[in-house]
Amino acid sequence: MKKMLPWLVTIMLSITLIVLAVFLLSDKMLGKDESGAIAAPAPTPVLSADEIVEVTAEIIDVKTNLADPDYIAAMSFSFQLRNKKAKEDFDKIKEIKVKPIIIKTLADTKPENLKDSKATEQFTERLLDQINKTLPNGQLIHIEITNKLVAPL
C-alpha cells in the first residue's frame, strides 16, 4: 500500500489540474463575456437605400482559376460594412488585402461548389469570415455576388 500511495496522489493531483484547466478555459471557449453571459452577435441594422450605398464597397471583375484547373471564374462582389468609417478603411485595403483573399478562396473552390445558391451562400460566408479577420477597423456584415461566371477553359 505504501508503494501505491505516491501513484494515487499523483493521479488525483493530475485529475484535479485537468478539471481546473477545463473549468477556466470553458468560459473562453464558449464565448462568454466578463459578466458570464454568452455574447450574442450584434443585430444587423435596418438601413435606407442611401445608407446602404454609403456603407457598400465593390470589387469588380475578379478572374482566376478554380481548384479544378480546367475551370475559370469571373466574379464581382459588393461588400456591406457596419458603418462609413469601416467602408473608408475597407476601400483603402480592398485591392491589397481583400482581393487576394478572394482569389485564394476561389483557387480552393471546386466548380460544383459555385453551381447553386446554397453553395454560393457557403462560399460568401467563408469569404466573410476570412475578410473580417483582416479588417483593421469595423466589420463586414454582408457579401453579395453581383456577377458570376464559372466556365470550362
# chains A, B, ... in the order shown; residues from 1 in each chain; ligands from 1

call {"tool": "residues_around", "arguments": {"residues": "range 50-56 of chain A", "least_positions_apart": "2", "cutoff": "7 Å", "atoms": "only C-alpha atoms", "output": "VMD selection string"}}
result
chain A and resid 47 to 48 58 78 to 84 87

call {"tool": "select_by_dssp", "arguments": {"residues": "range 2-136 of chain A", "states": "strand (DSSP E)", "output": "list in words"}}
result
Thr56, Ala57, Glu58, Ile59, Ile60, Asp61, Val62, Lys63, Thr64, Asn65, Tyr71, Ile72, Ala73, Ala74, Met75, Ser76, Phe77, Ser78, Phe79, Gln80 and Leu81 of chain A

call {"tool": "closest_residue", "arguments": {"among": "A:Lys99, A:Lys110, A:Lys3, A:Lys85", "to": "Ile59 in chain A", "atoms": "only C-alpha atoms"}}
result
A:Lys99

call {"tool": "closest_residue", "arguments": {"among": "A:Ser76, A:Gln139, A:Thr105, A:Ser117", "to": "Phe90 in chain A", "atoms": "only C-alpha atoms"}}
result
A:Gln139

call {"tool": "select_by_dssp", "arguments": {"residues": "range 22-137 of chain A", "states": "alpha helix (DSSP H)", "output": "MDAnalysis selection string"}}
result
chainID A and resid 22:29 49:54 84:93 99:107 117:134

call {"tool": "residues_around", "arguments": {"residues": "Met75 in chain A", "least_positions_apart": "2", "cutoff": "12 Å", "atoms": "only C-alpha atoms", "output": "mmCIF file with all heavy atoms, in the first residue's frame"}}
result
data_model
loop_
_atom_site.group_PDB
_atom_site.id
_atom_site.type_symbol
_atom_site.label_atom_id
_atom_site.label_comp_id
_atom_site.auth_asym_id
_atom_site.auth_seq_id
_atom_site.Cartn_x
_atom_site.Cartn_y
_atom_site.Cartn_z
ATOM 1 N N GLU A 58 -17.398 47.879 -53.597
ATOM 2 C CA GLU A 58 -17.441 46.870 -54.651
ATOM 3 C C GLU A 58 -16.044 46.487 -55.103
ATOM 4 O O GLU A 58 -15.125 47.311 -55.086
ATOM 5 C CB GLU A 58 -18.210 47.383 -55.871
ATOM 6 C CG GLU A 58 -19.682 47.582 -55.645
ATOM 7 C CD GLU A 58 -20.393 48.030 -56.907
ATOM 8 O OE1 GLU A 58 -19.887 48.950 -57.580
ATOM 9 O OE2 GLU A 58 -21.433 47.445 -57.213
ATOM 10 N N ILE A 59 -15.927 45.249 -55.488
ATOM 11 C CA ILE A 59 -14.749 44.769 -56.211
ATOM 12 C C ILE A 59 -15.294 44.114 -57.474
ATOM 13 O O ILE A 59 -16.103 43.183 -57.400
ATOM 14 C CB ILE A 59 -13.916 43.776 -55.389
ATOM 15 C CG1 ILE A 59 -13.311 44.473 -54.183
ATOM 16 C CG2 ILE A 59 -12.825 43.151 -56.261
ATOM 17 C CD1 ILE A 59 -12.453 43.596 -53.305
ATOM 18 N N ILE A 60 -14.857 44.615 -58.624
ATOM 19 C CA ILE A 60 -15.422 44.191 -59.901
ATOM 20 C C ILE A 60 -14.399 43.371 -60.684
ATOM 21 O O ILE A 60 -13.206 43.666 -60.672
ATOM 22 C CB ILE A 60 -15.858 45.427 -60.708
ATOM 23 C CG1 ILE A 60 -16.937 46.177 -59.918
ATOM 24 C CG2 ILE A 60 -16.371 45.038 -62.084
ATOM 25 C CD1 ILE A 60 -17.316 47.510 -60.499
ATOM 26 N N ASP A 61 -14.895 42.347 -61.356
ATOM 27 C CA ASP A 61 -14.124 41.507 -62.282
ATOM 28 C C ASP A 61 -12.900 40.849 -61.660
ATOM 29 O O ASP A 61 -11.767 41.121 -62.037
ATOM 30 C CB ASP A 61 -13.701 42.311 -63.526
ATOM 31 C CG ASP A 61 -14.867 42.557 -64.455
ATOM 32 O OD1 ASP A 61 -15.813 41.754 -64.428
ATOM 33 O OD2 ASP A 61 -14.826 43.540 -65.212
ATOM 34 N N VAL A 62 -13.146 39.965 -60.721
ATOM 35 C CA VAL A 62 -12.084 39.116 -60.191
ATOM 36 C C VAL A 62 -12.079 37.867 -61.062
ATOM 37 O O VAL A 62 -13.077 37.163 -61.155
ATOM 38 C CB VAL A 62 -12.347 38.745 -58.714
ATOM 39 C CG1 VAL A 62 -11.293 37.785 -58.210
ATOM 40 C CG2 VAL A 62 -12.405 39.991 -57.863
ATOM 41 N N LYS A 63 -10.957 37.617 -61.716
ATOM 42 C CA LYS A 63 -10.856 36.466 -62.614
ATOM 43 C C LYS A 63 -9.709 35.577 -62.154
ATOM 44 O O LYS A 63 -8.596 36.058 -61.946
ATOM 45 C CB LYS A 63 -10.594 36.919 -64.049
ATOM 46 C CG LYS A 63 -11.704 37.738 -64.628
ATOM 47 C CD LYS A 63 -11.339 38.277 -65.989
ATOM 48 C CE LYS A 63 -12.423 39.235 -66.438
ATOM 49 N NZ LYS A 63 -12.005 40.060 -67.542
ATOM 50 N N THR A 64 -10.010 34.280 -62.014
ATOM 51 C CA THR A 64 -8.976 33.346 -61.591
ATOM 52 C C THR A 64 -9.417 31.917 -61.899
ATOM 53 O O THR A 64 -10.586 31.666 -62.180
ATOM 54 C CB THR A 64 -8.651 33.493 -60.094
ATOM 55 O OG1 THR A 64 -7.528 32.696 -59.774
ATOM 56 C CG2 THR A 64 -9.814 33.082 -59.226
ATOM 57 N N ASN A 65 -8.461 31.001 -61.826
ATOM 58 C CA ASN A 65 -8.777 29.581 -61.971
ATOM 59 C C ASN A 65 -9.375 29.077 -60.667
ATOM 60 O O ASN A 65 -9.090 29.592 -59.597
ATOM 61 C CB ASN A 65 -7.517 28.770 -62.275
ATOM 62 C CG ASN A 65 -6.974 29.055 -63.646
ATOM 63 O OD1 ASN A 65 -7.673 29.546 -64.514
ATOM 64 N ND2 ASN A 65 -5.710 28.752 -63.845
ATOM 65 N N LEU A 66 -10.175 28.024 -60.786
ATOM 66 C CA LEU A 66 -10.732 27.376 -59.604
ATOM 67 C C LEU A 66 -9.838 26.207 -59.215
ATOM 68 O O LEU A 66 -8.783 25.996 -59.807
ATOM 69 C CB LEU A 66 -12.156 26.913 -59.897
ATOM 70 C CG LEU A 66 -13.156 28.034 -60.182
ATOM 71 C CD1 LEU A 66 -14.494 27.456 -60.588
ATOM 72 C CD2 LEU A 66 -13.315 28.948 -58.992
ATOM 73 N N ILE A 72 -12.535 28.294 -64.974
ATOM 74 C CA ILE A 72 -12.181 29.667 -64.618
ATOM 75 C C ILE A 72 -13.434 30.358 -64.072
ATOM 76 O O ILE A 72 -14.553 30.033 -64.458
ATOM 77 C CB ILE A 72 -11.614 30.431 -65.838
ATOM 78 C CG1 ILE A 72 -11.036 31.769 -65.404
ATOM 79 C CG2 ILE A 72 -12.661 30.602 -66.914
ATOM 80 C CD1 ILE A 72 -10.205 32.445 -66.479
ATOM 81 N N ALA A 73 -13.221 31.287 -63.160
ATOM 82 C CA ALA A 73 -14.329 32.055 -62.585
ATOM 83 C C ALA A 73 -14.063 33.537 -62.779
ATOM 84 O O ALA A 73 -12.938 34.007 -62.598
ATOM 85 C CB ALA A 73 -14.480 31.749 -61.105
ATOM 86 N N PHE A 77 -18.192 41.474 -56.691
ATOM 87 C CA PHE A 77 -18.721 41.394 -55.335
ATOM 88 C C PHE A 77 -19.118 42.775 -54.822
ATOM 89 O O PHE A 77 -18.493 43.777 -55.178
ATOM 90 C CB PHE A 77 -17.668 40.839 -54.376
ATOM 91 C CG PHE A 77 -17.186 39.463 -54.723
ATOM 92 C CD1 PHE A 77 -16.113 39.286 -55.581
ATOM 93 C CD2 PHE A 77 -17.796 38.347 -54.188
ATOM 94 C CE1 PHE A 77 -15.655 38.023 -55.908
ATOM 95 C CE2 PHE A 77 -17.352 37.077 -54.509
ATOM 96 C CZ PHE A 77 -16.284 36.915 -55.368
ATOM 97 N N SER A 78 -20.134 42.794 -53.951
ATOM 98 C CA SER A 78 -20.432 44.004 -53.183
ATOM 99 C C SER A 78 -20.324 43.634 -51.710
ATOM 100 O O SER A 78 -20.736 42.550 -51.300
ATOM 101 C CB SER A 78 -21.817 44.561 -53.516
ATOM 102 O OG SER A 78 -22.824 43.717 -53.042
ATOM 103 N N LYS A 99 -8.832 41.537 -52.170
ATOM 104 C CA LYS A 99 -8.828 40.844 -53.465
ATOM 105 C C LYS A 99 -7.963 39.584 -53.445
ATOM 106 O O LYS A 99 -8.385 38.538 -53.959
ATOM 107 C CB LYS A 99 -8.386 41.800 -54.574
ATOM 108 C CG LYS A 99 -8.695 41.306 -55.956
ATOM 109 C CD LYS A 99 -8.458 42.402 -56.985
ATOM 110 C CE LYS A 99 -8.826 41.934 -58.364
ATOM 111 N NZ LYS A 99 -8.632 43.008 -59.344
ATOM 112 N N ILE A 102 -9.962 36.839 -51.836
ATOM 113 C CA ILE A 102 -10.976 36.309 -52.751
ATOM 114 C C ILE A 102 -10.336 35.345 -53.748
ATOM 115 O O ILE A 102 -10.856 34.253 -53.994
ATOM 116 C CB ILE A 102 -11.692 37.460 -53.487
ATOM 117 C CG1 ILE A 102 -12.486 38.305 -52.502
ATOM 118 C CG2 ILE A 102 -12.594 36.909 -54.589
ATOM 119 C CD1 ILE A 102 -13.020 39.590 -53.086
ATOM 120 N N ILE A 103 -9.199 35.720 -54.306
ATOM 121 C CA ILE A 103 -8.522 34.875 -55.296
ATOM 122 C C ILE A 103 -8.080 33.555 -54.665
ATOM 123 O O ILE A 103 -8.258 32.483 -55.251
ATOM 124 C CB ILE A 103 -7.347 35.636 -55.934
ATOM 125 C CG1 ILE A 103 -7.895 36.762 -56.821
ATOM 126 C CG2 ILE A 103 -6.451 34.697 -56.736
ATOM 127 C CD1 ILE A 103 -6.857 37.715 -57.346
ATOM 128 N N LEU A 106 -11.194 31.408 -54.057
ATOM 129 C CA LEU A 106 -11.663 30.840 -55.323
ATOM 130 C C LEU A 106 -10.742 29.721 -55.797
ATOM 131 O O LEU A 106 -11.205 28.718 -56.332
ATOM 132 C CB LEU A 106 -11.764 31.924 -56.399
ATOM 133 C CG LEU A 106 -13.002 32.815 -56.331
ATOM 134 C CD1 LEU A 106 -12.851 33.996 -57.270
ATOM 135 C CD2 LEU A 106 -14.249 32.025 -56.659
ATOM 136 N N LEU A 114 -19.936 26.221 -56.654
ATOM 137 C CA LEU A 114 -20.471 27.533 -57.032
ATOM 138 C C LEU A 114 -21.680 27.401 -57.951
ATOM 139 O O LEU A 114 -22.107 28.367 -58.556
ATOM 140 C CB LEU A 114 -19.382 28.365 -57.726
ATOM 141 C CG LEU A 114 -18.202 28.781 -56.864
ATOM 142 C CD1 LEU A 114 -17.125 29.420 -57.702
ATOM 143 C CD2 LEU A 114 -18.653 29.726 -55.761
ATOM 144 N N THR A 120 -23.210 28.796 -53.094
ATOM 145 C CA THR A 120 -22.717 30.174 -53.226
ATOM 146 C C THR A 120 -22.804 30.896 -51.882
ATOM 147 O O THR A 120 -21.906 31.649 -51.521
ATOM 148 C CB THR A 120 -23.522 30.921 -54.292
ATOM 149 O OG1 THR A 120 -23.424 30.206 -55.532
ATOM 150 C CG2 THR A 120 -22.985 32.322 -54.510
ATOM 151 N N THR A 124 -19.760 32.655 -49.776
ATOM 152 C CA THR A 124 -19.717 34.032 -49.282
ATOM 153 C C THR A 124 -19.537 34.082 -47.769
ATOM 154 O O THR A 124 -18.882 34.992 -47.255
ATOM 155 C CB THR A 124 -20.978 34.831 -49.694
ATOM 156 O OG1 THR A 124 -22.141 34.168 -49.213
ATOM 157 C CG2 THR A 124 -21.047 35.008 -51.199
ATOM 158 N N GLU A 144 -22.395 40.137 -51.216
ATOM 159 C CA GLU A 144 -23.250 39.688 -52.315
ATOM 160 C C GLU A 144 -22.371 39.481 -53.547
ATOM 161 O O GLU A 144 -21.448 40.258 -53.800
ATOM 162 C CB GLU A 144 -24.324 40.718 -52.652
ATOM 163 C CG GLU A 144 -25.450 40.803 -51.662
ATOM 164 C CD GLU A 144 -26.354 39.584 -51.660
ATOM 165 O OE1 GLU A 144 -26.422 38.846 -52.682
ATOM 166 O OE2 GLU A 144 -27.005 39.366 -50.634
ATOM 167 N N ILE A 145 -22.667 38.437 -54.290
ATOM 168 C CA ILE A 145 -22.011 38.230 -55.579
ATOM 169 C C ILE A 145 -22.890 38.910 -56.612
ATOM 170 O O ILE A 145 -24.056 38.536 -56.808
ATOM 171 C CB ILE A 145 -21.857 36.737 -55.888
ATOM 172 C CG1 ILE A 145 -20.940 36.091 -54.838
ATOM 173 C CG2 ILE A 145 -21.315 36.531 -57.297
ATOM 174 C CD1 ILE A 145 -20.784 34.592 -54.966
ATOM 175 N N THR A 146 -22.369 39.971 -57.250
ATOM 176 C CA THR A 146 -23.175 40.751 -58.176
ATOM 177 C C THR A 146 -23.030 40.269 -59.617
ATOM 178 O O THR A 146 -23.857 40.618 -60.458
ATOM 179 C CB THR A 146 -22.781 42.239 -58.098
ATOM 180 O OG1 THR A 146 -21.387 42.383 -58.357
ATOM 181 C CG2 THR A 146 -23.114 42.801 -56.718
ATOM 182 N N ASN A 147 -21.998 39.502 -59.891
ATOM 183 C CA ASN A 147 -21.802 38.959 -61.221
ATOM 184 C C ASN A 147 -20.994 37.673 -61.070
ATOM 185 O O ASN A 147 -20.004 37.660 -60.359
ATOM 186 C CB ASN A 147 -21.063 39.973 -62.100
ATOM 187 C CG ASN A 147 -21.018 39.566 -63.546
ATOM 188 O OD1 ASN A 147 -21.732 38.653 -63.966
ATOM 189 N ND2 ASN A 147 -20.189 40.226 -64.324
ATOM 190 N N LYS A 148 -21.426 36.607 -61.756
ATOM 191 C CA LYS A 148 -20.726 35.342 -61.598
ATOM 192 C C LYS A 148 -20.719 34.607 -62.929
ATOM 193 O O LYS A 148 -21.753 34.415 -63.558
ATOM 194 C CB LYS A 148 -21.406 34.485 -60.531
ATOM 195 C CG LYS A 148 -20.807 33.097 -60.369
ATOM 196 C CD LYS A 148 -21.469 32.321 -59.254
ATOM 197 C CE LYS A 148 -22.695 31.650 -59.764
ATOM 198 N NZ LYS A 148 -23.258 30.646 -58.857
ATOM 199 N N LEU A 149 -19.543 34.172 -63.311
ATOM 200 C CA LEU A 149 -19.392 33.327 -64.498
ATOM 201 C C LEU A 149 -18.385 32.242 -64.145
ATOM 202 O O LEU A 149 -17.236 32.553 -63.810
ATOM 203 C CB LEU A 149 -18.918 34.141 -65.701
ATOM 204 C CG LEU A 149 -18.609 33.344 -66.955
ATOM 205 C CD1 LEU A 149 -19.870 32.695 -67.502
ATOM 206 C CD2 LEU A 149 -17.947 34.193 -68.000
ATOM 207 N N VAL A 150 -18.802 31.002 -64.193
ATOM 208 C CA VAL A 150 -17.927 29.859 -63.986
ATOM 209 C C VAL A 150 -17.993 29.053 -65.264
ATOM 210 O O VAL A 150 -19.066 28.548 -65.630
ATOM 211 C CB VAL A 150 -18.370 29.022 -62.770
ATOM 212 C CG1 VAL A 150 -17.465 27.800 -62.602
ATOM 213 C CG2 VAL A 150 -18.360 29.861 -61.504
ATOM 214 N N ALA A 151 -16.850 28.928 -65.941
ATOM 215 C CA ALA A 151 -16.864 28.258 -67.256
ATOM 216 C C ALA A 151 -15.618 27.389 -67.422
ATOM 217 O O ALA A 151 -14.557 27.692 -66.879
ATOM 218 C CB ALA A 151 -16.912 29.304 -68.354
#

call {"tool": "decode", "arguments": {"residues": "range 116-129 of chain A", "atoms": "all heavy atoms", "output": "compact mmCIF listing (two decimals), in the first residue's frame"}}
result
# COMPACT_ATOMS: atom_id res chain seq x y z
N ASP A 116 -25.02 26.21 -57.26
CA ASP A 116 -26.35 26.59 -56.79
C ASP A 116 -26.26 27.67 -55.71
O ASP A 116 -25.19 28.05 -55.27
CB ASP A 116 -27.12 25.37 -56.29
CG ASP A 116 -26.45 24.67 -55.11
OD1 ASP A 116 -25.40 25.14 -54.66
OD2 ASP A 116 -26.99 23.65 -54.66
N SER A 117 -27.43 28.16 -55.30
CA SER A 117 -27.47 29.28 -54.35
C SER A 117 -26.97 28.89 -52.96
O SER A 117 -26.33 29.69 -52.28
CB SER A 117 -28.88 29.85 -54.26
OG SER A 117 -29.77 28.87 -53.77
N LYS A 118 -27.24 27.66 -52.54
CA LYS A 118 -26.79 27.23 -51.21
C LYS A 118 -25.26 27.17 -51.15
O LYS A 118 -24.64 27.63 -50.20
CB LYS A 118 -27.39 25.86 -50.87
CG LYS A 118 -27.07 25.39 -49.48
CD LYS A 118 -27.76 24.08 -49.17
CE LYS A 118 -27.41 23.62 -47.76
NZ LYS A 118 -28.01 22.34 -47.45
N ALA A 119 -24.65 26.61 -52.19
CA ALA A 119 -23.19 26.53 -52.24
C ALA A 119 -22.58 27.92 -52.34
O ALA A 119 -21.54 28.20 -51.73
CB ALA A 119 -22.76 25.66 -53.42
N THR A 120 -23.21 28.80 -53.09
CA THR A 120 -22.72 30.17 -53.23
C THR A 120 -22.80 30.90 -51.88
O THR A 120 -21.91 31.65 -51.52
CB THR A 120 -23.52 30.92 -54.29
OG1 THR A 120 -23.42 30.21 -55.53
CG2 THR A 120 -22.98 32.32 -54.51
N GLU A 121 -23.87 30.65 -51.14
CA GLU A 121 -24.02 31.26 -49.81
C GLU A 121 -22.93 30.78 -48.86
O GLU A 121 -22.36 31.56 -48.09
CB GLU A 121 -25.40 30.92 -49.24
CG GLU A 121 -25.71 31.61 -47.94
CD GLU A 121 -25.87 33.12 -48.07
OE1 GLU A 121 -26.26 33.59 -49.15
OE2 GLU A 121 -25.57 33.81 -47.09
N GLN A 122 -22.59 29.50 -48.92
CA GLN A 122 -21.50 28.97 -48.10
C GLN A 122 -20.17 29.61 -48.49
O GLN A 122 -19.34 29.93 -47.63
CB GLN A 122 -21.42 27.46 -48.24
CG GLN A 122 -22.56 26.73 -47.59
CD GLN A 122 -22.54 25.23 -47.86
OE1 GLN A 122 -21.81 24.76 -48.72
NE2 GLN A 122 -23.36 24.49 -47.14
N PHE A 123 -19.96 29.82 -49.79
CA PHE A 123 -18.75 30.47 -50.27
C PHE A 123 -18.65 31.90 -49.72
O PHE A 123 -17.60 32.31 -49.23
CB PHE A 123 -18.73 30.47 -51.80
CG PHE A 123 -17.60 31.27 -52.38
CD1 PHE A 123 -16.31 30.76 -52.40
CD2 PHE A 123 -17.82 32.52 -52.93
CE1 PHE A 123 -15.27 31.50 -52.93
CE2 PHE A 123 -16.79 33.26 -53.47
CZ PHE A 123 -15.51 32.74 -53.47
N THR A 124 -19.76 32.65 -49.78
CA THR A 124 -19.72 34.03 -49.28
C THR A 124 -19.54 34.08 -47.77
O THR A 124 -18.88 34.99 -47.26
CB THR A 124 -20.98 34.83 -49.69
OG1 THR A 124 -22.14 34.17 -49.21
CG2 THR A 124 -21.05 35.01 -51.20
N GLU A 125 -20.08 33.11 -47.04
CA GLU A 125 -19.87 33.06 -45.59
C GLU A 125 -18.40 32.80 -45.25
O GLU A 125 -17.85 33.40 -44.33
CB GLU A 125 -20.74 31.97 -44.94
CG GLU A 125 -22.21 32.31 -44.91
CD GLU A 125 -22.52 33.53 -44.07
OE1 GLU A 125 -21.91 33.70 -43.01
OE2 GLU A 125 -23.38 34.32 -44.50
N ARG A 126 -17.77 31.93 -46.03
CA ARG A 126 -16.35 31.65 -45.81
C ARG A 126 -15.52 32.91 -46.11
O ARG A 126 -14.60 33.26 -45.36
CB ARG A 126 -15.91 30.50 -46.71
CG ARG A 126 -14.55 29.96 -46.40
CD ARG A 126 -14.28 28.67 -47.10
NE ARG A 126 -14.88 28.64 -48.43
CZ ARG A 126 -14.46 27.92 -49.44
NH1 ARG A 126 -13.43 27.14 -49.30
NH2 ARG A 126 -15.07 27.94 -50.61
N LEU A 127 -15.87 33.62 -47.19
CA LEU A 127 -15.20 34.88 -47.51
C LEU A 127 -15.40 35.90 -46.39
O LEU A 127 -14.45 36.59 -46.00
CB LEU A 127 -15.76 35.47 -48.80
CG LEU A 127 -15.08 35.10 -50.10
CD1 LEU A 127 -15.79 35.81 -51.26
CD2 LEU A 127 -13.63 35.43 -50.10
N LEU A 128 -16.61 36.00 -45.89
CA LEU A 128 -16.93 36.95 -44.83
C LEU A 128 -16.05 36.72 -43.61
O LEU A 128 -15.47 37.67 -43.06
CB LEU A 128 -18.41 36.84 -44.46
CG LEU A 128 -18.95 37.83 -43.45
CD1 LEU A 128 -19.27 39.14 -44.15
CD2 LEU A 128 -20.20 37.29 -42.80
N ASP A 129 -15.90 35.47 -43.20
CA ASP A 129 -15.06 35.14 -42.05
C ASP A 129 -13.60 35.52 -42.30
O ASP A 129 -12.94 36.10 -41.44
CB ASP A 129 -15.15 33.66 -41.71
CG ASP A 129 -16.50 33.26 -41.17
OD1 ASP A 129 -17.23 34.15 -40.66
OD2 ASP A 129 -16.84 32.06 -41.24
